[in-house]
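Reproduced below: target_24.txt, with compact mmCIF, N, CA and C atoms.
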```txt
# COMPACT_ATOMS: atom_id res chain seq x y z
N MET A 1 10.16 -25.09 4.11
CA MET A 1 10.23 -26.30 4.90
C MET A 1 11.54 -26.40 5.68
N TRP A 2 12.64 -25.93 5.05
CA TRP A 2 13.93 -25.99 5.74
C TRP A 2 13.88 -25.22 7.06
N PHE A 3 13.11 -24.13 7.07
CA PHE A 3 13.03 -23.30 8.27
C PHE A 3 12.40 -24.06 9.44
N LEU A 4 11.38 -24.85 9.16
CA LEU A 4 10.74 -25.64 10.22
C LEU A 4 11.71 -26.67 10.81
N PHE A 5 12.49 -27.31 9.94
CA PHE A 5 13.49 -28.27 10.43
C PHE A 5 14.58 -27.55 11.23
N ALA A 6 15.00 -26.38 10.75
CA ALA A 6 16.02 -25.60 11.47
C ALA A 6 15.48 -25.15 12.83
N LEU A 7 14.22 -24.74 12.86
CA LEU A 7 13.59 -24.34 14.11
C LEU A 7 13.50 -25.53 15.07
N GLY A 8 13.10 -26.68 14.54
CA GLY A 8 13.07 -27.91 15.34
C GLY A 8 14.44 -28.24 15.89
N SER A 9 15.46 -28.05 15.06
CA SER A 9 16.84 -28.29 15.51
C SER A 9 17.19 -27.40 16.69
N SER A 10 16.79 -26.14 16.64
CA SER A 10 17.12 -25.23 17.73
C SER A 10 16.39 -25.61 19.02
N VAL A 11 15.15 -26.05 18.89
CA VAL A 11 14.38 -26.48 20.07
C VAL A 11 15.04 -27.71 20.70
N PHE A 12 15.38 -28.70 19.85
CA PHE A 12 16.00 -29.91 20.38
C PHE A 12 17.41 -29.63 20.92
N ALA A 13 18.13 -28.70 20.29
CA ALA A 13 19.45 -28.32 20.81
C ALA A 13 19.33 -27.69 22.19
N ALA A 14 18.30 -26.87 22.38
CA ALA A 14 18.08 -26.26 23.69
C ALA A 14 17.77 -27.34 24.73
N LEU A 15 16.91 -28.28 24.36
CA LEU A 15 16.60 -29.40 25.27
C LEU A 15 17.85 -30.22 25.55
N THR A 16 18.67 -30.42 24.53
CA THR A 16 19.92 -31.17 24.69
C THR A 16 20.79 -30.55 25.77
N SER A 17 20.92 -29.24 25.74
CA SER A 17 21.76 -28.55 26.72
C SER A 17 21.26 -28.74 28.14
N ILE A 18 19.98 -28.54 28.34
CA ILE A 18 19.41 -28.64 29.68
C ILE A 18 19.44 -30.09 30.17
N LEU A 19 19.02 -31.01 29.31
CA LEU A 19 19.02 -32.43 29.71
C LEU A 19 20.43 -32.93 29.96
N ALA A 20 21.39 -32.49 29.15
CA ALA A 20 22.78 -32.90 29.34
C ALA A 20 23.32 -32.37 30.67
N LYS A 21 23.04 -31.12 30.97
CA LYS A 21 23.52 -30.53 32.23
C LYS A 21 22.97 -31.32 33.41
N LEU A 22 21.71 -31.72 33.34
CA LEU A 22 21.10 -32.53 34.40
C LEU A 22 21.71 -33.93 34.43
N GLY A 23 22.03 -34.47 33.26
CA GLY A 23 22.50 -35.85 33.18
C GLY A 23 23.97 -36.07 33.51
N ILE A 24 24.80 -35.03 33.41
CA ILE A 24 26.23 -35.24 33.64
C ILE A 24 26.65 -35.07 35.10
N GLU A 25 25.68 -34.74 35.91
CA GLU A 25 26.00 -34.57 37.33
C GLU A 25 26.55 -35.87 37.92
N GLY A 26 27.80 -35.84 38.34
CA GLY A 26 28.43 -37.01 38.93
C GLY A 26 28.89 -38.05 37.92
N VAL A 27 28.90 -37.69 36.63
CA VAL A 27 29.30 -38.62 35.57
C VAL A 27 30.45 -37.98 34.80
N SER A 28 31.43 -38.77 34.42
CA SER A 28 32.52 -38.28 33.58
C SER A 28 31.94 -37.70 32.30
N SER A 29 32.43 -36.53 31.89
CA SER A 29 31.90 -35.91 30.67
C SER A 29 32.20 -36.78 29.44
N THR A 30 33.31 -37.48 29.45
CA THR A 30 33.65 -38.36 28.33
C THR A 30 32.69 -39.54 28.26
N LEU A 31 32.40 -40.14 29.41
CA LEU A 31 31.45 -41.25 29.46
C LEU A 31 30.05 -40.78 29.05
N ALA A 32 29.66 -39.60 29.52
CA ALA A 32 28.35 -39.06 29.16
C ALA A 32 28.25 -38.83 27.65
N THR A 33 29.33 -38.33 27.04
CA THR A 33 29.35 -38.13 25.60
C THR A 33 29.21 -39.47 24.87
N ALA A 34 29.88 -40.50 25.38
CA ALA A 34 29.80 -41.82 24.76
C ALA A 34 28.38 -42.38 24.83
N VAL A 35 27.73 -42.22 25.97
CA VAL A 35 26.34 -42.69 26.13
C VAL A 35 25.44 -41.95 25.15
N ARG A 36 25.58 -40.64 25.10
CA ARG A 36 24.78 -39.83 24.17
C ARG A 36 25.01 -40.27 22.73
N THR A 37 26.25 -40.55 22.40
CA THR A 37 26.60 -40.94 21.03
C THR A 37 25.95 -42.27 20.65
N VAL A 38 25.91 -43.22 21.57
CA VAL A 38 25.25 -44.50 21.30
C VAL A 38 23.76 -44.29 21.03
N VAL A 39 23.14 -43.43 21.82
CA VAL A 39 21.72 -43.14 21.63
C VAL A 39 21.49 -42.50 20.26
N VAL A 40 22.33 -41.53 19.89
CA VAL A 40 22.21 -40.87 18.59
C VAL A 40 22.44 -41.89 17.47
N LEU A 41 23.43 -42.75 17.63
CA LEU A 41 23.71 -43.79 16.63
C LEU A 41 22.51 -44.70 16.41
N LEU A 42 21.93 -45.18 17.50
CA LEU A 42 20.75 -46.05 17.39
C LEU A 42 19.57 -45.32 16.75
N MET A 43 19.37 -44.08 17.14
CA MET A 43 18.27 -43.30 16.58
C MET A 43 18.47 -43.05 15.08
N ALA A 44 19.69 -42.69 14.70
CA ALA A 44 19.98 -42.40 13.29
C ALA A 44 19.80 -43.64 12.42
N TRP A 45 20.35 -44.78 12.87
CA TRP A 45 20.18 -46.02 12.09
C TRP A 45 18.73 -46.49 12.10
N GLY A 46 18.04 -46.24 13.19
CA GLY A 46 16.61 -46.56 13.24
C GLY A 46 15.86 -45.79 12.16
N MET A 47 16.18 -44.51 12.01
CA MET A 47 15.51 -43.69 10.98
C MET A 47 15.88 -44.16 9.58
N VAL A 48 17.12 -44.62 9.39
CA VAL A 48 17.53 -45.14 8.08
C VAL A 48 16.65 -46.34 7.71
N PHE A 49 16.45 -47.25 8.66
CA PHE A 49 15.65 -48.44 8.38
C PHE A 49 14.16 -48.14 8.30
N ILE A 50 13.67 -47.21 9.12
CA ILE A 50 12.26 -46.82 9.06
C ILE A 50 11.94 -46.19 7.70
N THR A 51 12.86 -45.39 7.18
CA THR A 51 12.64 -44.71 5.90
C THR A 51 13.13 -45.55 4.71
N ASN A 52 13.66 -46.74 5.01
CA ASN A 52 14.11 -47.68 3.99
C ASN A 52 15.14 -47.07 3.03
N THR A 53 16.10 -46.33 3.59
CA THR A 53 17.12 -45.68 2.77
C THR A 53 18.49 -46.35 2.89
N GLN A 54 18.56 -47.50 3.54
CA GLN A 54 19.84 -48.19 3.73
C GLN A 54 20.48 -48.61 2.41
N GLY A 55 19.68 -48.75 1.35
CA GLY A 55 20.20 -49.14 0.04
C GLY A 55 21.15 -48.10 -0.55
N GLY A 56 21.03 -46.87 -0.13
CA GLY A 56 21.89 -45.79 -0.63
C GLY A 56 23.31 -45.85 -0.12
N LEU A 57 23.57 -46.72 0.84
CA LEU A 57 24.91 -46.82 1.44
C LEU A 57 25.97 -47.13 0.40
N SER A 58 25.68 -48.01 -0.51
CA SER A 58 26.66 -48.40 -1.53
C SER A 58 26.87 -47.32 -2.59
N GLU A 59 25.99 -46.33 -2.63
CA GLU A 59 26.08 -45.27 -3.63
C GLU A 59 26.88 -44.06 -3.15
N ILE A 60 27.34 -44.09 -1.91
CA ILE A 60 28.10 -42.95 -1.39
C ILE A 60 29.50 -42.97 -2.01
N SER A 61 29.90 -41.84 -2.57
CA SER A 61 31.21 -41.74 -3.23
C SER A 61 32.34 -41.68 -2.20
N ARG A 62 33.55 -41.95 -2.66
CA ARG A 62 34.72 -41.87 -1.76
C ARG A 62 34.88 -40.47 -1.18
N ARG A 63 34.66 -39.47 -2.02
CA ARG A 63 34.76 -38.08 -1.56
C ARG A 63 33.75 -37.81 -0.45
N SER A 64 32.51 -38.25 -0.66
CA SER A 64 31.48 -38.06 0.36
C SER A 64 31.84 -38.82 1.63
N TRP A 65 32.34 -40.06 1.49
CA TRP A 65 32.77 -40.82 2.66
C TRP A 65 33.81 -40.04 3.45
N ALA A 66 34.81 -39.50 2.75
CA ALA A 66 35.88 -38.76 3.42
C ALA A 66 35.33 -37.58 4.20
N PHE A 67 34.46 -36.79 3.55
CA PHE A 67 33.92 -35.62 4.24
C PHE A 67 32.94 -35.98 5.35
N LEU A 68 32.18 -37.05 5.17
CA LEU A 68 31.28 -37.50 6.24
C LEU A 68 32.07 -38.00 7.45
N ILE A 69 33.16 -38.69 7.20
CA ILE A 69 34.02 -39.16 8.30
C ILE A 69 34.65 -37.98 9.02
N LEU A 70 35.16 -37.02 8.26
CA LEU A 70 35.73 -35.82 8.89
C LEU A 70 34.68 -35.05 9.68
N SER A 71 33.47 -34.97 9.14
CA SER A 71 32.37 -34.31 9.85
C SER A 71 32.05 -35.04 11.14
N GLY A 72 32.06 -36.37 11.09
CA GLY A 72 31.82 -37.16 12.30
C GLY A 72 32.89 -36.92 13.35
N LEU A 73 34.15 -36.84 12.91
CA LEU A 73 35.24 -36.55 13.85
C LEU A 73 35.07 -35.17 14.47
N ALA A 74 34.69 -34.20 13.65
CA ALA A 74 34.45 -32.84 14.17
C ALA A 74 33.29 -32.83 15.15
N THR A 75 32.24 -33.59 14.84
CA THR A 75 31.09 -33.69 15.75
C THR A 75 31.52 -34.29 17.08
N GLY A 76 32.28 -35.38 17.01
CA GLY A 76 32.75 -36.01 18.24
C GLY A 76 33.59 -35.07 19.09
N ALA A 77 34.51 -34.35 18.45
CA ALA A 77 35.35 -33.39 19.18
C ALA A 77 34.49 -32.29 19.78
N SER A 78 33.50 -31.82 19.01
CA SER A 78 32.60 -30.77 19.50
C SER A 78 31.83 -31.26 20.73
N TRP A 79 31.28 -32.47 20.64
CA TRP A 79 30.49 -33.01 21.76
C TRP A 79 31.36 -33.22 23.00
N LEU A 80 32.57 -33.71 22.82
CA LEU A 80 33.47 -33.92 23.97
C LEU A 80 33.77 -32.59 24.65
N CYS A 81 34.08 -31.57 23.85
CA CYS A 81 34.35 -30.24 24.42
C CYS A 81 33.10 -29.67 25.08
N TYR A 82 31.95 -29.83 24.44
CA TYR A 82 30.69 -29.28 24.93
C TYR A 82 30.32 -29.89 26.28
N TYR A 83 30.41 -31.22 26.38
CA TYR A 83 30.05 -31.88 27.63
C TYR A 83 31.00 -31.51 28.76
N LYS A 84 32.29 -31.39 28.44
CA LYS A 84 33.25 -30.99 29.47
C LYS A 84 32.95 -29.56 29.93
N ALA A 85 32.66 -28.68 28.98
CA ALA A 85 32.33 -27.30 29.32
C ALA A 85 31.05 -27.24 30.17
N LEU A 86 30.04 -28.04 29.79
CA LEU A 86 28.79 -28.07 30.56
C LEU A 86 29.02 -28.61 31.97
N GLN A 87 29.92 -29.58 32.08
CA GLN A 87 30.17 -30.19 33.38
C GLN A 87 30.82 -29.19 34.35
N ILE A 88 31.69 -28.34 33.83
CA ILE A 88 32.43 -27.44 34.73
C ILE A 88 31.92 -26.01 34.69
N GLY A 89 31.00 -25.70 33.77
CA GLY A 89 30.49 -24.34 33.66
C GLY A 89 28.97 -24.30 33.75
N GLU A 90 28.45 -23.10 33.78
CA GLU A 90 27.00 -22.90 33.81
C GLU A 90 26.44 -23.01 32.39
N ALA A 91 25.33 -23.73 32.25
CA ALA A 91 24.71 -23.90 30.93
C ALA A 91 24.39 -22.55 30.31
N SER A 92 23.97 -21.60 31.11
CA SER A 92 23.61 -20.27 30.60
C SER A 92 24.80 -19.51 30.04
N LYS A 93 26.01 -19.96 30.34
CA LYS A 93 27.21 -19.33 29.78
C LYS A 93 27.86 -20.21 28.71
N VAL A 94 27.81 -21.51 28.91
CA VAL A 94 28.41 -22.44 27.94
C VAL A 94 27.67 -22.38 26.61
N VAL A 95 26.34 -22.40 26.65
CA VAL A 95 25.55 -22.48 25.42
C VAL A 95 25.77 -21.26 24.51
N PRO A 96 25.76 -20.03 25.02
CA PRO A 96 26.01 -18.90 24.12
C PRO A 96 27.39 -18.97 23.44
N VAL A 97 28.40 -19.40 24.17
CA VAL A 97 29.73 -19.53 23.57
C VAL A 97 29.71 -20.62 22.51
N ASP A 98 29.05 -21.73 22.80
CA ASP A 98 28.91 -22.81 21.83
C ASP A 98 28.24 -22.30 20.55
N LYS A 99 27.29 -21.41 20.71
CA LYS A 99 26.56 -20.90 19.54
C LYS A 99 27.37 -19.91 18.72
N LEU A 100 28.58 -19.58 19.16
CA LEU A 100 29.48 -18.82 18.30
C LEU A 100 29.82 -19.62 17.05
N SER A 101 29.44 -20.91 17.07
CA SER A 101 29.60 -21.74 15.87
C SER A 101 28.84 -21.14 14.69
N VAL A 102 27.80 -20.37 14.97
CA VAL A 102 27.05 -19.71 13.90
C VAL A 102 27.98 -18.73 13.17
N VAL A 103 28.71 -17.93 13.93
CA VAL A 103 29.65 -16.97 13.35
C VAL A 103 30.75 -17.71 12.59
N MET A 104 31.31 -18.73 13.23
CA MET A 104 32.38 -19.49 12.59
C MET A 104 31.90 -20.17 11.31
N THR A 105 30.67 -20.66 11.32
CA THR A 105 30.11 -21.31 10.14
C THR A 105 29.95 -20.31 8.99
N LEU A 106 29.46 -19.11 9.29
CA LEU A 106 29.29 -18.10 8.25
C LEU A 106 30.63 -17.73 7.62
N VAL A 107 31.65 -17.58 8.44
CA VAL A 107 32.98 -17.24 7.94
C VAL A 107 33.54 -18.40 7.10
N LEU A 108 33.45 -19.62 7.63
CA LEU A 108 33.95 -20.78 6.88
C LEU A 108 33.16 -21.01 5.60
N ALA A 109 31.86 -20.77 5.62
CA ALA A 109 31.04 -20.92 4.41
C ALA A 109 31.50 -19.95 3.33
N ALA A 110 31.88 -18.75 3.74
CA ALA A 110 32.38 -17.76 2.78
C ALA A 110 33.75 -18.17 2.23
N VAL A 111 34.63 -18.61 3.11
CA VAL A 111 36.00 -18.94 2.71
C VAL A 111 36.07 -20.27 1.96
N VAL A 112 35.46 -21.32 2.52
CA VAL A 112 35.59 -22.66 1.96
C VAL A 112 34.57 -22.93 0.86
N LEU A 113 33.31 -22.56 1.09
CA LEU A 113 32.24 -22.86 0.14
C LEU A 113 31.96 -21.72 -0.83
N HIS A 114 32.64 -20.58 -0.63
CA HIS A 114 32.47 -19.39 -1.47
C HIS A 114 31.02 -18.89 -1.47
N GLU A 115 30.35 -19.05 -0.31
CA GLU A 115 29.00 -18.50 -0.17
C GLU A 115 29.12 -17.01 0.08
N GLN A 116 28.09 -16.30 -0.27
CA GLN A 116 28.11 -14.84 -0.17
C GLN A 116 28.16 -14.40 1.29
N PHE A 117 29.10 -13.51 1.60
CA PHE A 117 29.20 -12.90 2.92
C PHE A 117 28.91 -11.42 2.73
N THR A 118 27.73 -11.01 3.15
CA THR A 118 27.26 -9.65 2.89
C THR A 118 27.46 -8.76 4.10
N LEU A 119 27.16 -7.52 3.92
CA LEU A 119 27.19 -6.57 5.04
C LEU A 119 26.20 -7.02 6.11
N LYS A 120 25.05 -7.54 5.67
CA LYS A 120 24.05 -8.06 6.61
C LYS A 120 24.61 -9.25 7.40
N SER A 121 25.34 -10.14 6.73
CA SER A 121 25.97 -11.28 7.40
C SER A 121 26.99 -10.80 8.43
N ALA A 122 27.80 -9.84 8.01
CA ALA A 122 28.83 -9.29 8.91
C ALA A 122 28.19 -8.64 10.13
N ALA A 123 27.11 -7.90 9.91
CA ALA A 123 26.40 -7.26 11.03
C ALA A 123 25.83 -8.32 11.97
N GLY A 124 25.24 -9.36 11.39
CA GLY A 124 24.69 -10.45 12.21
C GLY A 124 25.78 -11.11 13.03
N CYS A 125 26.93 -11.38 12.40
CA CYS A 125 28.05 -11.99 13.13
C CYS A 125 28.51 -11.09 14.28
N ALA A 126 28.60 -9.80 14.00
CA ALA A 126 29.03 -8.85 15.03
C ALA A 126 28.03 -8.83 16.19
N LEU A 127 26.75 -8.84 15.87
CA LEU A 127 25.72 -8.83 16.92
C LEU A 127 25.72 -10.12 17.73
N ILE A 128 25.91 -11.26 17.07
CA ILE A 128 25.98 -12.53 17.79
C ILE A 128 27.20 -12.52 18.72
N GLY A 129 28.33 -12.05 18.19
CA GLY A 129 29.54 -11.95 19.01
C GLY A 129 29.35 -11.04 20.21
N LEU A 130 28.76 -9.88 19.98
CA LEU A 130 28.49 -8.93 21.06
C LEU A 130 27.50 -9.52 22.07
N GLY A 131 26.45 -10.15 21.56
CA GLY A 131 25.47 -10.78 22.45
C GLY A 131 26.09 -11.86 23.31
N THR A 132 26.96 -12.64 22.71
CA THR A 132 27.66 -13.70 23.46
C THR A 132 28.51 -13.08 24.57
N LEU A 133 29.24 -12.03 24.21
CA LEU A 133 30.07 -11.35 25.22
C LEU A 133 29.23 -10.83 26.37
N LEU A 134 28.10 -10.21 26.06
CA LEU A 134 27.22 -9.68 27.10
C LEU A 134 26.68 -10.79 28.01
N MET A 135 26.43 -11.95 27.43
CA MET A 135 25.84 -13.05 28.21
C MET A 135 26.85 -13.74 29.12
N VAL A 136 28.12 -13.74 28.73
CA VAL A 136 29.09 -14.51 29.52
C VAL A 136 29.91 -13.65 30.48
N LEU A 137 29.87 -12.35 30.30
CA LEU A 137 30.64 -11.48 31.22
C LEU A 137 29.89 -11.15 32.48
```
Written form, structure tokens:
Amino acid sequence: MWFLFALGSSVFAALTSILAKLGIEGVSSTLATAVRTVVVLLMAWGMVFITNTQGGLSEISRRSWAFLILSGLATGASWLCYYKALQIGEASKVVPVDKLSVVMTLVLAAVVLHEQFTLKSAAGCALIGLGTLLMVL
């Protein structure tokens, strides 16, 4: 089941890139990011209320709060950089570089989360890096 959600994420991420590139024309990238963030905020809280999970808010630990806040800050910084890059660059070049986050995530998962980093993972990272280079040069 996780694979279907991950696949859905990739489809919506692709749509995000194209729709964002079309939407930021003549708009400040910072303002565009803020508009997008409001939409995401409304959608996320809408899903919380639709699924009736708002009661879990009081059960979130301090540690989880800290990491969720840091994750939110990282997301905001990522989106600000992404929209600025999309505004001044070609989507076909910006998106592959953005997807180097896959490589960075695998490395950080090994270092921070102590997840297994195998020869297969290393080969995948190398291929993603090489593919990105080929696409942007």
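In this structure, atom C of Lys93 (chain A) sits 6.5 Å away from atom N of Val136 (chain A).
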Expected answer as a VMD selection string: helix (DSSP H, G or I) residues in chain A: chain A and resid 2 to 23 29 to 50 54 to 59 62 to 88 91 to 98 101 to 112 119 to 136
Can you write out as a tab-separated table which residues of region 70-129 of chain A fall within 7 Å of region 32-56 of chain A, alongside each residue's closest atom pair and its distance in Å to one decimal, counting only C-alpha atoms and ordering rows by chain and ascending residue number?
```
residue	atom	partner	partner_atom	distance
A:Trp79	CA	A:Thr33	CA	6.5
A:Leu80	CA	A:Thr33	CA	6.1
A:Tyr83	CA	A:Thr33	CA	6.6
```
Using all atoms of region 118-126 of chain A listed in the file and a margin of 8 Å per side, can you give the axis-aligned box centre and edge lengths in Å to one decimal, as AutoDock Vina command-line options?
```
--center_x 26.5 --center_y -9.3 --center_z 9.5 --size_x 21.0 --size_y 21.4 --size_z 29.3
```
Mind pulling up the distance from atom C of Gln87 (chain A) to atom C of Glu25 (chain A)? 8.7 Å
Give me, please, the distance in Å between atom N of Gly131 (chain A) and atom C of Asp98 (chain A), quoted to one decimal. 12.3 Å
List the spatial neighbours of region 104-110 of chain A as a ChimeraX atom specification - criterion: any atom at most 8 Å away, only N, CA and C atoms, same-chain residues fewer than 5 positions off excluded. /A:99,115-117,121,125
